[in-house]
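Source file: target.csv (CSV, C-alpha atoms)
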chain,number,residue,atom,x,y,z
A,1,MET,CA,-68.5,71.9,-213.3
A,2,ASP,CA,-65.5,70.5,-215.3
A,3,CYS,CA,-62.4,72.6,-214.9
A,4,VAL,CA,-62.0,72.9,-218.7
A,5,GLY,CA,-65.0,74.1,-220.7
A,6,LEU,CA,-65.7,75.4,-224.2
A,7,GLY,CA,-66.0,79.2,-224.5
A,8,THR,CA,-68.4,80.5,-227.3
A,9,TRP,CA,-67.7,84.2,-227.3
A,10,LYS,CA,-67.1,85.6,-230.8
A,11,SER,CA,-67.9,82.2,-232.4
A,12,LYS,CA,-69.6,83.1,-235.7
A,13,PRO,CA,-73.1,82.0,-236.8
A,14,GLY,CA,-72.8,78.7,-238.6
A,15,GLU,CA,-69.7,77.7,-236.6
A,16,VAL,CA,-71.0,77.4,-233.1
A,17,GLN,CA,-73.1,74.2,-233.4
A,18,LEU,CA,-70.3,72.3,-235.0
A,19,ALA,CA,-67.9,73.6,-232.4
A,20,VAL,CA,-70.1,72.5,-229.5
A,21,GLU,CA,-70.7,69.1,-231.1
A,22,ALA,CA,-67.0,68.6,-231.6
A,23,ALA,CA,-66.4,69.6,-228.0
A,24,ILE,CA,-68.9,67.1,-226.6
A,25,ASP,CA,-67.4,64.4,-228.8
A,26,SER,CA,-64.0,65.3,-227.5
A,27,GLY,CA,-65.1,64.9,-223.9
A,28,TYR,CA,-66.1,68.4,-222.8
A,29,ARG,CA,-69.0,68.5,-220.4
A,30,HIS,CA,-69.0,72.3,-219.7
A,31,ILE,CA,-70.2,74.9,-222.2
A,32,ASP,CA,-70.0,78.6,-221.5
A,33,CYS,CA,-72.5,80.9,-223.3
A,34,ALA,CA,-74.2,84.3,-222.9
A,35,TRP,CA,-77.2,86.2,-224.1
A,36,ALA,CA,-74.8,88.8,-225.5
A,37,TYR,CA,-73.0,86.3,-227.8
A,38,GLN,CA,-76.2,85.9,-229.8
A,39,ASN,CA,-75.5,82.3,-230.7
A,40,GLU,CA,-77.3,80.3,-228.0
A,41,MET,CA,-79.7,78.8,-230.5
A,42,GLU,CA,-76.8,77.0,-232.1
A,43,VAL,CA,-75.4,75.9,-228.8
A,44,GLY,CA,-78.9,74.5,-227.9
A,45,ALA,CA,-79.1,72.7,-231.3
A,46,ALA,CA,-75.7,71.0,-230.6
A,47,ILE,CA,-76.7,69.9,-227.1
A,48,LYS,CA,-80.0,68.6,-228.5
A,49,SER,CA,-78.2,66.7,-231.2
A,50,LYS,CA,-75.8,65.0,-228.9
A,51,ILE,CA,-78.6,64.1,-226.5
A,52,GLU,CA,-80.6,62.5,-229.3
A,53,GLU,CA,-77.5,60.6,-230.5
A,54,GLY,CA,-77.2,59.2,-227.0
A,55,VAL,CA,-73.7,60.7,-226.4
A,56,ILE,CA,-74.9,62.6,-223.3
A,57,LYS,CA,-77.9,63.1,-221.1
A,58,ARG,CA,-79.0,66.6,-220.0
A,59,GLU,CA,-77.5,66.0,-216.5
A,60,ASP,CA,-74.1,65.2,-218.0
A,61,ILE,CA,-73.6,68.7,-219.4
A,62,PHE,CA,-72.9,71.8,-217.4
A,63,VAL,CA,-74.3,74.9,-219.2
A,64,THR,CA,-73.5,78.5,-218.1
A,65,SER,CA,-75.1,81.6,-219.4
A,66,LYS,CA,-75.1,85.3,-218.5
A,67,LEU,CA,-77.5,88.1,-217.9
A,68,TRP,CA,-76.6,90.9,-220.2
A,69,ASN,CA,-76.2,94.5,-219.0
A,70,CYS,CA,-79.4,95.9,-220.4
A,71,PHE,CA,-81.5,93.5,-218.4
A,72,HIS,CA,-80.4,94.5,-214.9
A,73,GLU,CA,-83.7,96.1,-214.0
A,74,PRO,CA,-85.8,93.7,-211.8
A,75,GLU,CA,-88.5,93.4,-214.4
A,76,TRP,CA,-86.1,92.1,-217.1
A,77,VAL,CA,-83.9,89.6,-215.2
A,78,GLU,CA,-86.2,86.5,-215.4
A,79,LYS,CA,-87.5,87.4,-218.8
A,80,ALA,CA,-83.9,87.5,-220.1
A,81,LEU,CA,-83.1,84.1,-218.6
A,82,LYS,CA,-86.2,82.6,-220.1
A,83,GLN,CA,-85.2,83.9,-223.5
A,84,THR,CA,-81.9,82.2,-223.0
A,85,LEU,CA,-83.5,79.0,-221.9
A,86,GLY,CA,-85.8,79.1,-225.0
A,87,TRP,CA,-82.8,79.5,-227.3
A,88,LEU,CA,-80.9,76.7,-225.6
A,89,GLY,CA,-83.9,74.4,-225.5
A,90,LEU,CA,-83.3,73.8,-221.8
A,91,ASP,CA,-85.5,73.9,-218.7
A,92,TYR,CA,-82.8,75.2,-216.4
A,93,LEU,CA,-79.2,76.4,-216.4
A,94,ASP,CA,-76.5,74.9,-214.3
A,95,LEU,CA,-75.0,78.4,-213.7
A,96,TYR,CA,-76.3,81.9,-214.4
A,97,LEU,CA,-74.0,84.9,-214.1
A,98,VAL,CA,-74.4,88.6,-214.0
A,99,HIS,CA,-72.3,89.4,-217.0
A,100,ASN,CA,-71.0,92.8,-215.7
A,101,PRO,CA,-71.7,95.0,-212.7
A,102,VAL,CA,-72.5,98.0,-214.9
A,103,ALA,CA,-76.1,98.3,-216.0
A,104,TYR,CA,-77.2,99.6,-219.4
A,105,LYS,CA,-80.3,101.5,-220.2
A,106,TYR,CA,-82.8,99.2,-221.9
A,107,ILE,CA,-83.4,100.2,-225.5
A,108,GLU,CA,-85.5,97.9,-227.6
A,109,GLY,CA,-83.3,96.3,-230.3
A,110,ASN,CA,-80.1,98.0,-229.1
A,111,PRO,CA,-78.3,95.9,-226.4
A,112,MET,CA,-75.1,97.9,-226.8
A,113,PRO,CA,-76.3,101.5,-226.7
A,114,ILE,CA,-72.9,103.2,-227.5
A,115,ASP,CA,-73.1,106.8,-228.8
A,116,GLU,CA,-70.9,108.6,-231.3
A,117,SER,CA,-68.3,109.5,-228.7
A,118,GLY,CA,-67.8,105.8,-227.9
A,119,LYS,CA,-69.5,106.0,-224.5
A,120,CYS,CA,-72.3,103.6,-223.5
A,121,ASN,CA,-75.7,104.7,-222.3
A,122,ASN,CA,-75.3,103.1,-218.9
A,123,THR,CA,-77.0,103.7,-215.6
A,124,ASP,CA,-76.1,103.8,-211.9
A,125,LEU,CA,-78.5,100.9,-211.0
A,126,ASP,CA,-77.1,99.1,-208.0
A,127,TYR,CA,-75.9,95.6,-208.9
A,128,MET,CA,-77.3,94.4,-205.6
A,129,THR,CA,-80.8,95.2,-206.9
A,130,THR,CA,-80.1,92.9,-209.8
A,131,TRP,CA,-78.6,90.2,-207.5
A,132,LYS,CA,-81.8,90.0,-205.5
A,133,GLU,CA,-83.6,89.0,-208.7
A,134,MET,CA,-80.9,86.4,-209.4
A,135,GLU,CA,-81.6,84.9,-206.0
A,136,LYS,CA,-85.2,84.5,-207.0
A,137,ILE,CA,-84.2,82.7,-210.2
A,138,LYS,CA,-82.2,80.1,-208.1
A,139,GLU,CA,-85.1,79.7,-205.7
A,140,LYS,CA,-87.4,79.0,-208.6
A,141,GLY,CA,-85.0,76.3,-209.9
A,142,LEU,CA,-84.4,78.1,-213.2
A,143,ALA,CA,-80.7,78.1,-212.4
A,144,ARG,CA,-78.9,75.6,-210.2
A,145,SER,CA,-76.3,78.1,-209.2
A,146,ILE,CA,-75.8,81.8,-209.6
A,147,GLY,CA,-72.7,84.0,-209.8
A,148,VAL,CA,-71.0,87.1,-211.2
A,149,SER,CA,-68.6,88.0,-214.0
A,150,ASN,CA,-66.1,90.9,-214.2
A,151,PHE,CA,-66.7,91.9,-210.6
A,152,ASN,CA,-63.7,93.4,-208.7
A,153,GLN,CA,-62.9,92.4,-205.1
A,154,PHE,CA,-64.9,95.2,-203.5
A,155,GLN,CA,-68.0,94.4,-205.6
A,156,LEU,CA,-67.7,90.7,-205.0
A,157,GLY,CA,-67.1,91.3,-201.3
A,158,ARG,CA,-70.2,93.4,-201.1
A,159,VAL,CA,-72.3,90.7,-202.7
A,160,LEU,CA,-70.9,88.1,-200.3
A,161,LYS,CA,-71.7,90.3,-197.4
A,162,GLU,CA,-75.2,91.5,-198.4
A,163,ALA,CA,-76.6,88.5,-200.3
A,164,LYS,CA,-79.0,85.9,-199.1
A,165,ILE,CA,-77.5,83.4,-201.6
A,166,LYS,CA,-73.8,83.9,-202.2
A,167,PRO,CA,-72.3,83.8,-205.7
A,168,ALA,CA,-70.8,80.5,-206.5
A,169,VAL,CA,-68.5,81.8,-209.3
A,170,ASN,CA,-66.7,84.9,-210.4
A,171,GLN,CA,-65.8,84.7,-214.1
A,172,ILE,CA,-62.9,87.0,-215.0
A,173,GLU,CA,-60.2,87.6,-217.6
A,174,ILE,CA,-57.1,85.6,-216.8
A,175,HIS,CA,-54.1,84.7,-218.9
A,176,PRO,CA,-50.3,84.8,-218.4
A,177,TYR,CA,-50.2,88.6,-219.0
A,178,LEU,CA,-53.1,89.1,-216.5
A,179,THR,CA,-52.7,86.5,-213.7
A,180,GLN,CA,-55.1,88.3,-211.3
A,181,GLU,CA,-53.3,86.7,-208.2
A,182,ASN,CA,-55.0,89.0,-205.6
A,183,THR,CA,-58.5,88.5,-207.0
A,184,VAL,CA,-58.0,84.8,-207.3
A,185,ASN,CA,-56.8,84.5,-203.7
A,186,PHE,CA,-59.7,86.6,-202.5
A,187,CYS,CA,-62.2,84.4,-204.3
A,188,LYS,CA,-60.5,81.2,-203.0
A,189,ASN,CA,-60.5,82.5,-199.4
A,190,ASN,CA,-64.3,83.2,-199.8
A,191,LYS,CA,-65.0,79.8,-201.4
A,192,VAL,CA,-65.9,81.4,-204.8
A,193,VAL,CA,-64.9,79.4,-207.8
A,194,VAL,CA,-62.9,81.4,-210.4
A,195,THR,CA,-63.5,80.8,-214.1
A,196,ALA,CA,-60.9,82.2,-216.4
A,197,TYR,CA,-62.1,83.6,-219.7
A,198,SER,CA,-59.9,84.7,-222.6
A,199,PRO,CA,-57.0,82.5,-221.5
A,200,PHE,CA,-55.2,83.2,-224.7
A,201,SER,CA,-55.6,87.0,-224.2
A,202,SER,CA,-58.4,87.2,-226.8
A,203,PRO,CA,-56.3,87.6,-230.0
A,204,ASP,CA,-59.4,88.1,-232.1
A,205,ASN,CA,-60.9,90.8,-229.9
A,206,PRO,CA,-61.7,93.8,-232.2
A,207,GLY,CA,-61.0,96.2,-229.4
A,208,LEU,CA,-57.4,95.3,-228.8
A,209,LYS,CA,-54.9,98.0,-228.0
A,210,LYS,CA,-52.2,99.0,-230.5
A,211,ASP,CA,-49.4,97.6,-228.4
A,212,TYR,CA,-51.1,94.2,-228.1
A,213,LYS,CA,-48.8,91.2,-228.3
A,214,PRO,CA,-50.4,87.7,-228.5
A,215,VAL,CA,-49.6,85.6,-225.4
A,216,LEU,CA,-49.6,82.5,-227.6
A,217,GLN,CA,-46.5,83.9,-229.3
A,218,ASP,CA,-44.6,84.4,-226.1
A,219,LYS,CA,-41.1,83.0,-226.2
A,220,VAL,CA,-41.1,81.6,-222.7
A,221,LEU,CA,-44.3,79.7,-223.4
A,222,GLY,CA,-43.1,78.6,-226.8
A,223,ASP,CA,-39.8,77.2,-225.4
A,224,MET,CA,-41.7,75.4,-222.6
A,225,ALA,CA,-44.2,73.9,-225.1
A,226,LYS,CA,-41.3,72.7,-227.3
A,227,ARG,CA,-39.6,71.1,-224.3
A,228,LEU,CA,-42.8,69.3,-223.1
A,229,ASN,CA,-43.9,68.4,-226.6
A,230,VAL,CA,-47.2,70.2,-226.3
A,231,SER,CA,-48.7,73.5,-227.6
A,232,ALA,CA,-48.5,76.9,-226.0
A,233,ALA,CA,-52.3,76.8,-225.7
A,234,GLN,CA,-52.0,73.5,-223.8
A,235,ILE,CA,-49.3,75.1,-221.5
A,236,ILE,CA,-51.7,78.0,-220.7
A,237,ILE,CA,-54.7,75.8,-220.0
A,238,ARG,CA,-52.6,73.4,-217.8
A,239,TYR,CA,-51.3,76.4,-215.9
A,240,MET,CA,-54.9,77.5,-215.1
A,241,VAL,CA,-55.9,74.0,-214.1
A,242,GLN,CA,-52.9,73.7,-211.7
A,243,ARG,CA,-53.8,77.0,-210.2
A,244,GLY,CA,-57.2,75.5,-209.3
A,245,LEU,CA,-59.2,77.5,-211.8
A,246,THR,CA,-61.9,76.7,-214.2
A,247,VAL,CA,-60.9,77.7,-217.8
A,248,ILE,CA,-63.0,78.2,-220.9
A,249,PRO,CA,-60.8,78.4,-224.0
A,250,LYS,CA,-62.7,79.2,-227.2
A,251,SER,CA,-62.2,77.6,-230.6
A,252,VAL,CA,-64.3,76.5,-233.5
A,253,THR,CA,-61.6,74.3,-235.0
A,254,PRO,CA,-62.2,70.6,-234.1
A,255,SER,CA,-58.5,69.8,-233.8
A,256,ARG,CA,-57.8,72.7,-231.5
A,257,ILE,CA,-60.9,72.0,-229.5
A,258,LEU,CA,-59.6,68.5,-228.9
A,259,SER,CA,-56.0,69.5,-228.1
A,260,ASN,CA,-57.3,72.2,-225.7
A,261,TYR,CA,-58.9,69.4,-223.7
A,262,GLN,CA,-55.8,67.1,-223.8
A,263,VAL,CA,-54.1,68.7,-220.8
A,264,PHE,CA,-54.5,66.0,-218.2
A,265,ASP,CA,-51.6,63.7,-219.2
A,266,PHE,CA,-48.8,66.1,-218.3
A,267,LYS,CA,-47.9,68.4,-215.4
A,268,LEU,CA,-46.0,71.7,-215.1
A,269,GLY,CA,-43.2,71.8,-212.5
A,270,ASP,CA,-43.0,74.5,-209.8
A,271,ALA,CA,-40.3,76.3,-211.8
A,272,ASP,CA,-42.5,76.4,-214.9
A,273,MET,CA,-45.5,77.6,-212.9
A,274,LYS,CA,-43.4,80.5,-211.5
A,275,LYS,CA,-42.0,81.4,-215.0
A,276,ILE,CA,-45.5,81.7,-216.3
A,277,SER,CA,-46.7,83.7,-213.4
A,278,ALA,CA,-43.7,86.1,-213.9
A,279,LEU,CA,-45.0,87.0,-217.3
A,280,ASN,CA,-47.8,89.0,-215.7
A,281,LYS,CA,-48.1,92.6,-217.0
A,282,ASN,CA,-51.6,93.4,-215.7
A,283,TYR,CA,-52.5,93.6,-219.3
A,284,ARG,CA,-56.3,93.6,-219.7
A,285,THR,CA,-57.7,92.9,-223.2
A,286,CYS,CA,-61.4,93.2,-222.2
A,287,ALA,CA,-61.5,96.5,-220.4
A,288,PHE,CA,-65.0,97.7,-221.5
A,289,GLU,CA,-63.6,101.1,-222.2
A,290,TRP,CA,-67.1,102.4,-223.1
A,291,ASP,CA,-68.2,102.0,-219.5
A,292,LYS,CA,-65.4,104.1,-218.0
A,293,GLY,CA,-66.8,106.8,-215.7
A,294,ASN,CA,-69.7,104.7,-214.5
A,295,LYS,CA,-69.8,104.4,-210.7
A,296,HIS,CA,-69.7,100.6,-211.0
A,297,TYR,CA,-67.0,100.4,-213.6
A,298,PRO,CA,-65.1,97.5,-212.1
A,299,PHE,CA,-61.6,98.2,-213.4
A,300,ALA,CA,-61.3,101.8,-212.1
A,301,GLU,CA,-58.1,102.4,-210.0
A,302,ASP,CA,-58.9,102.8,-206.3
A,303,TYR,CA,-62.4,101.6,-206.8
A,304,LYS,CA,-64.8,102.8,-204.1
A,305,GLU,CA,-68.5,103.1,-203.6

When written as structure tokens, how does the structure in this file appear?
Amino acid sequence: MDCVGLGTWKSKPGEVQLAVEAAIDSGYRHIDCAWAYQNEMEVGAAIKSKIEEGVIKREDIFVTSKLWNCFHEPEWVEKALKQTLGWLGLDYLDLYLVHNPVAYKYIEGNPMPIDESGKCNNTDLDYMTTWKEMEKIKEKGLARSIGVSNFNQFQLGRVLKEAKIKPAVNQIEIHPYLTQENTVNFCKNNKVVVTAYSPFSSPDNPGLKKDYKPVLQDKVLGDMAKRLNVSAAQIIIRYMVQRGLTVIPKSVTPSRILSNYQVFDFKLGDADMKKISALNKNYRTCAFEWDKGNKHYPFAEDYKE
């Protein structure tokens, strides 16, 4: 898995195929998708196009997808994966993640069952029940590796302790305003790869708080970028790479897709790394507010089971 991949969350229909094609042409060999993004058919079309052009072979590209929350019940796990594989036009995934530890009630045609009060129709289904089905998927060869996303330390620790097949990856929100030092260290100590999503703090997230300030406009990052003759986005991605993380910036603009990958010809000094880490505010932009109150809500203070 390349340390820099292309994220596809919030990429609009009609834009995704061109974005993935541009990414592959720019050198990307890691594409991150999910059932919930509802754009995997376009991702698959782009991969197929580049294979047919001879730019890549299937084994050259690392494809990640995720099991959405409404498919946590054992009967749905493999069905959901096979739907993803069908959309992508692939026989297997390189990595399949449980998108979130919170399970939703399955309602046909309504994968986000949020009521008028803003709360989601979720359930207390144990994520370990879902994980056992994930293990079967790996054993069948439908996914080369399996992992989790948005799991806190307690939840990840429990999976590591109880699982037959341990998670290879934990994909979590990380950016200069949410550096997640403790969780990253916990993952590294347990040989779990950390993938950082929303490295630019998700500036186009419709659920942003009123006091949101875009990390890309931070003066410390801006001054650093000017001094090193790179962009603030490149500073952030390089910061993630030097922390030993995998990072999946999202863009649909070919020039930005290319520049986001051009982070291997410069290095941040120790002082710069410390300056960026000092920007941490524990500011989470993807808090899944509608799941608050569920027993498995991962961002609850003093989480316990």

Report task. With a distance cut-off of 9 Å and all atoms listed in the file, select the neighbouring residues of range 46-63 of chain A, excluding the residue or stretch itself and same-chain residues fewer than 2 positions from it, and output the selection as a VMD selection string. Result -> chain A and resid 1 to 2 5 16 to 21 24 to 25 28 to 33 41 to 44 65 88 to 90 92 to 96

Report task. List the neighbours of Ser198 in chain A out to 10 Å using only C-alpha atoms; skip same-chain residues closer than 5 positions along the sequence, and give me the result as a PyMOL selection string. Result -> chain A and resi 7+9+172-175+203+205+247-250+285-286

Do you have, as a Markdown table, the list of residues of range 179-206 of chain A lying at most 10 Å from range 136-155 of chain A, each with its nearest atom pair and that distance in Å to one decimal, counting only C-alpha atoms and ordered by chain then number?
| residue | atom | partner | partner_atom | distance |
| --- | --- | --- | --- | --- |
| A:Asn182 | CA | A:Gln153 | CA | 8.6 |
| A:Thr183 | CA | A:Gln153 | CA | 6.2 |
| A:Val184 | CA | A:Gln153 | CA | 9.3 |
| A:Phe186 | CA | A:Gln153 | CA | 7.1 |
| A:Cys187 | CA | A:Gln153 | CA | 8.1 |
| A:Val192 | CA | A:Gly147 | CA | 8.8 |
| A:Val193 | CA | A:Gly147 | CA | 9.3 |
| A:Val194 | CA | A:Ser149 | CA | 9.4 |
| A:Thr195 | CA | A:Ser149 | CA | 8.8 |
| A:Ala196 | CA | A:Ser149 | CA | 9.9 |
| A:Tyr197 | CA | A:Ser149 | CA | 9.7 |

Query - Distance criterion (only C-alpha atoms): nearest to Gly157 in chain A out of A:Gln180, A:Phe200, A:Leu81, A:Lys191 - result: A:Lys191

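Across the structure, CA of Val159 in chain A and CA of Met128 in chain A are spaced 6.9 Å apart.
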
Query raised in the report: What gap, in Å, lies between CA of Ala22 in chain A and CA of Asn260 in chain A?
Result: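 Here the two named atoms are 11.9 Å from each other.
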
Requested in this report: Would you work out the distance separating CA of Pro13 in chain A from CA of Ser255 in chain A, expressed in Å to one decimal?
Outcome: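 Computing the Euclidean distance for CA of Pro13 in chain A and CA of Ser255 in chain A yields 19.3 Å.
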
Val263 in chain A: which residues within 9 Å, counting all atoms listed in the file, same-chain residues fewer than 6 positions away excluded, as a PDB file with C-alpha atoms, in the frame of the given file?
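This went into result-v5.pdb:
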ATOM      1  CA  VAL A 230     -47.200  70.200-226.300  1.00  0.00           C
ATOM      2  CA  GLN A 234     -52.000  73.500-223.800  1.00  0.00           C
ATOM      3  CA  ILE A 235     -49.300  75.100-221.500  1.00  0.00           C
ATOM      4  CA  ILE A 237     -54.700  75.800-220.000  1.00  0.00           C
ATOM      5  CA  ARG A 238     -52.600  73.400-217.800  1.00  0.00           C
ATOM      6  CA  VAL A 241     -55.900  74.000-214.100  1.00  0.00           C
TER       7      VAL A 241
END

Query raised in the report: When distances are computed from only C-alpha atoms, which of A:Tyr104, A:Phe266, A:Trp76, A:Tyr283 shows the smallest separation from Tyr297 in chain A?
Result: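 Of the candidates, the smallest distance to Tyr297 in chain A is held by A:Tyr104.
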
Requested in this report: May I have the residues within 9 Å of Tyr37 in chain A as a ChimeraX atom specification, using all atoms listed in the file and disregarding those fewer than 2 positions away in the same chain?
Outcome: /A:8-11,33-35,39-40

Requested in this report: Would you list the contacts of Trp68 in chain A as a PyMOL selection string, taking every protein, DNA or RNA residue within 10 Å and counting only C-alpha atoms, but skipping same-chain residues closer than 6 positions in sequence?
Outcome: chain A and resi 34-37+77+80-81+97-104+111-112

Next, dump the selected residues to file, keeping only C-alpha atoms, as a compact mmCIF listing (two decimals), keeping the file's coordinate frame.
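As a result, selection_36.txt now contains:
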# COMPACT_ATOMS: atom_id res chain seq x y z
CA ALA A 34 -74.20 84.30 -222.90
CA TRP A 35 -77.20 86.20 -224.10
CA ALA A 36 -74.80 88.80 -225.50
CA TYR A 37 -73.00 86.30 -227.80
CA VAL A 77 -83.90 89.60 -215.20
CA ALA A 80 -83.90 87.50 -220.10
CA LEU A 81 -83.10 84.10 -218.60
CA LEU A 97 -74.00 84.90 -214.10
CA VAL A 98 -74.40 88.60 -214.00
CA HIS A 99 -72.30 89.40 -217.00
CA ASN A 100 -71.00 92.80 -215.70
CA PRO A 101 -71.70 95.00 -212.70
CA VAL A 102 -72.50 98.00 -214.90
CA ALA A 103 -76.10 98.30 -216.00
CA TYR A 104 -77.20 99.60 -219.40
CA PRO A 111 -78.30 95.90 -226.40
CA MET A 112 -75.10 97.90 -226.80

Give the padded box for range 191-209 of chain A as lines of an AutoDock Vina configuration file: axis-aligned, covering all atoms listed in the file, 5 Å on each side, centre and edge lengths in Å to one decimal.
center_x = -60.4
center_y = 88.7
center_z = -216.8
size_x = 21.0
size_y = 28.6
size_z = 40.8

Extract range 93-101 of chain A from the coordinates I pasted, and write it as a PDB file, in the first residue's frame (atoms kept: all heavy atoms).
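In the end it all went to result_15.pdb:
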ATOM      1  N   LEU A  93     -10.589  -7.248  -3.222  1.00  0.00           N
ATOM      2  CA  LEU A  93     -10.077  -5.980  -2.719  1.00  0.00           C
ATOM      3  C   LEU A  93      -8.720  -6.218  -2.080  1.00  0.00           C
ATOM      4  O   LEU A  93      -8.452  -7.287  -1.545  1.00  0.00           O
ATOM      5  CB  LEU A  93     -11.018  -5.385  -1.670  1.00  0.00           C
ATOM      6  CG  LEU A  93     -12.364  -4.855  -2.142  1.00  0.00           C
ATOM      7  CD1 LEU A  93     -13.198  -4.422  -0.943  1.00  0.00           C
ATOM      8  CD2 LEU A  93     -12.196  -3.693  -3.108  1.00  0.00           C
ATOM      9  N   ASP A  94      -7.886  -5.208  -2.111  1.00  0.00           N
ATOM     10  CA  ASP A  94      -6.622  -5.300  -1.393  1.00  0.00           C
ATOM     11  C   ASP A  94      -6.838  -5.065   0.096  1.00  0.00           C
ATOM     12  O   ASP A  94      -6.125  -5.634   0.924  1.00  0.00           O
ATOM     13  CB  ASP A  94      -5.636  -4.282  -1.959  1.00  0.00           C
ATOM     14  CG  ASP A  94      -5.311  -4.589  -3.411  1.00  0.00           C
ATOM     15  OD1 ASP A  94      -4.477  -5.477  -3.659  1.00  0.00           O
ATOM     16  OD2 ASP A  94      -5.928  -3.962  -4.293  1.00  0.00           O
ATOM     17  N   LEU A  95      -7.828  -4.252   0.429  1.00  0.00           N
ATOM     18  CA  LEU A  95      -8.125  -3.949   1.827  1.00  0.00           C
ATOM     19  C   LEU A  95      -9.607  -3.647   1.973  1.00  0.00           C
ATOM     20  O   LEU A  95     -10.164  -2.865   1.202  1.00  0.00           O
ATOM     21  CB  LEU A  95      -7.289  -2.747   2.287  1.00  0.00           C
ATOM     22  CG  LEU A  95      -7.530  -2.228   3.701  1.00  0.00           C
ATOM     23  CD1 LEU A  95      -7.137  -3.277   4.748  1.00  0.00           C
ATOM     24  CD2 LEU A  95      -6.739  -0.936   3.938  1.00  0.00           C
ATOM     25  N   TYR A  96     -10.238  -4.274   2.968  1.00  0.00           N
ATOM     26  CA  TYR A  96     -11.653  -4.022   3.264  1.00  0.00           C
ATOM     27  C   TYR A  96     -11.766  -3.628   4.726  1.00  0.00           C
ATOM     28  O   TYR A  96     -11.265  -4.336   5.614  1.00  0.00           O
ATOM     29  CB  TYR A  96     -12.489  -5.276   2.987  1.00  0.00           C
ATOM     30  CG  TYR A  96     -13.973  -5.030   2.870  1.00  0.00           C
ATOM     31  CD1 TYR A  96     -14.469  -3.948   2.153  1.00  0.00           C
ATOM     32  CD2 TYR A  96     -14.899  -5.906   3.444  1.00  0.00           C
ATOM     33  CE1 TYR A  96     -15.831  -3.737   2.010  1.00  0.00           C
ATOM     34  CE2 TYR A  96     -16.261  -5.716   3.302  1.00  0.00           C
ATOM     35  CZ  TYR A  96     -16.721  -4.627   2.583  1.00  0.00           C
ATOM     36  OH  TYR A  96     -18.081  -4.421   2.447  1.00  0.00           O
ATOM     37  N   LEU A  97     -12.400  -2.485   4.978  1.00  0.00           N
ATOM     38  CA  LEU A  97     -12.489  -1.934   6.323  1.00  0.00           C
ATOM     39  C   LEU A  97     -13.927  -1.918   6.835  1.00  0.00           C
ATOM     40  O   LEU A  97     -14.865  -1.705   6.056  1.00  0.00           O
ATOM     41  CB  LEU A  97     -11.969  -0.495   6.341  1.00  0.00           C
ATOM     42  CG  LEU A  97     -10.567  -0.223   5.779  1.00  0.00           C
ATOM     43  CD1 LEU A  97     -10.279   1.273   5.806  1.00  0.00           C
ATOM     44  CD2 LEU A  97      -9.516  -0.987   6.563  1.00  0.00           C
ATOM     45  N   VAL A  98     -14.096  -2.097   8.128  1.00  0.00           N
ATOM     46  CA  VAL A  98     -15.367  -1.781   8.782  1.00  0.00           C
ATOM     47  C   VAL A  98     -15.387  -0.263   8.920  1.00  0.00           C
ATOM     48  O   VAL A  98     -14.545   0.319   9.606  1.00  0.00           O
ATOM     49  CB  VAL A  98     -15.471  -2.446  10.171  1.00  0.00           C
ATOM     50  CG1 VAL A  98     -16.798  -2.079  10.831  1.00  0.00           C
ATOM     51  CG2 VAL A  98     -15.335  -3.958  10.061  1.00  0.00           C
ATOM     52  N   HIS A  99     -16.327   0.383   8.258  1.00  0.00           N
ATOM     53  CA  HIS A  99     -16.302   1.837   8.137  1.00  0.00           C
ATOM     54  C   HIS A  99     -16.441   2.549   9.479  1.00  0.00           C
ATOM     55  O   HIS A  99     -15.902   3.650   9.673  1.00  0.00           O
ATOM     56  CB  HIS A  99     -17.435   2.287   7.196  1.00  0.00           C
ATOM     57  CG  HIS A  99     -17.184   3.580   6.507  1.00  0.00           C
ATOM     58  ND1 HIS A  99     -17.608   3.852   5.235  1.00  0.00           N
ATOM     59  CD2 HIS A  99     -16.542   4.707   6.899  1.00  0.00           C
ATOM     60  CE1 HIS A  99     -17.249   5.067   4.876  1.00  0.00           C
ATOM     61  NE2 HIS A  99     -16.597   5.612   5.875  1.00  0.00           N
ATOM     62  N   ASN A 100     -17.168   1.943  10.385  1.00  0.00           N
ATOM     63  CA  ASN A 100     -17.474   2.584  11.662  1.00  0.00           C
ATOM     64  C   ASN A 100     -17.902   1.508  12.652  1.00  0.00           C
ATOM     65  O   ASN A 100     -18.556   0.539  12.252  1.00  0.00           O
ATOM     66  CB  ASN A 100     -18.608   3.606  11.448  1.00  0.00           C
ATOM     67  CG  ASN A 100     -18.787   4.563  12.602  1.00  0.00           C
ATOM     68  OD1 ASN A 100     -19.113   4.144  13.706  1.00  0.00           O
ATOM     69  ND2 ASN A 100     -18.592   5.837  12.357  1.00  0.00           N
ATOM     70  N   PRO A 101     -17.572   1.628  13.935  1.00  0.00           N
ATOM     71  CA  PRO A 101     -17.986   0.600  14.897  1.00  0.00           C
ATOM     72  C   PRO A 101     -19.480   0.590  15.192  1.00  0.00           C
ATOM     73  O   PRO A 101     -20.000  -0.389  15.747  1.00  0.00           O
ATOM     74  CB  PRO A 101     -17.185   0.952  16.157  1.00  0.00           C
ATOM     75  CG  PRO A 101     -16.875   2.405  16.022  1.00  0.00           C
ATOM     76  CD  PRO A 101     -16.692   2.649  14.549  1.00  0.00           C
TER      77      PRO A 101
END
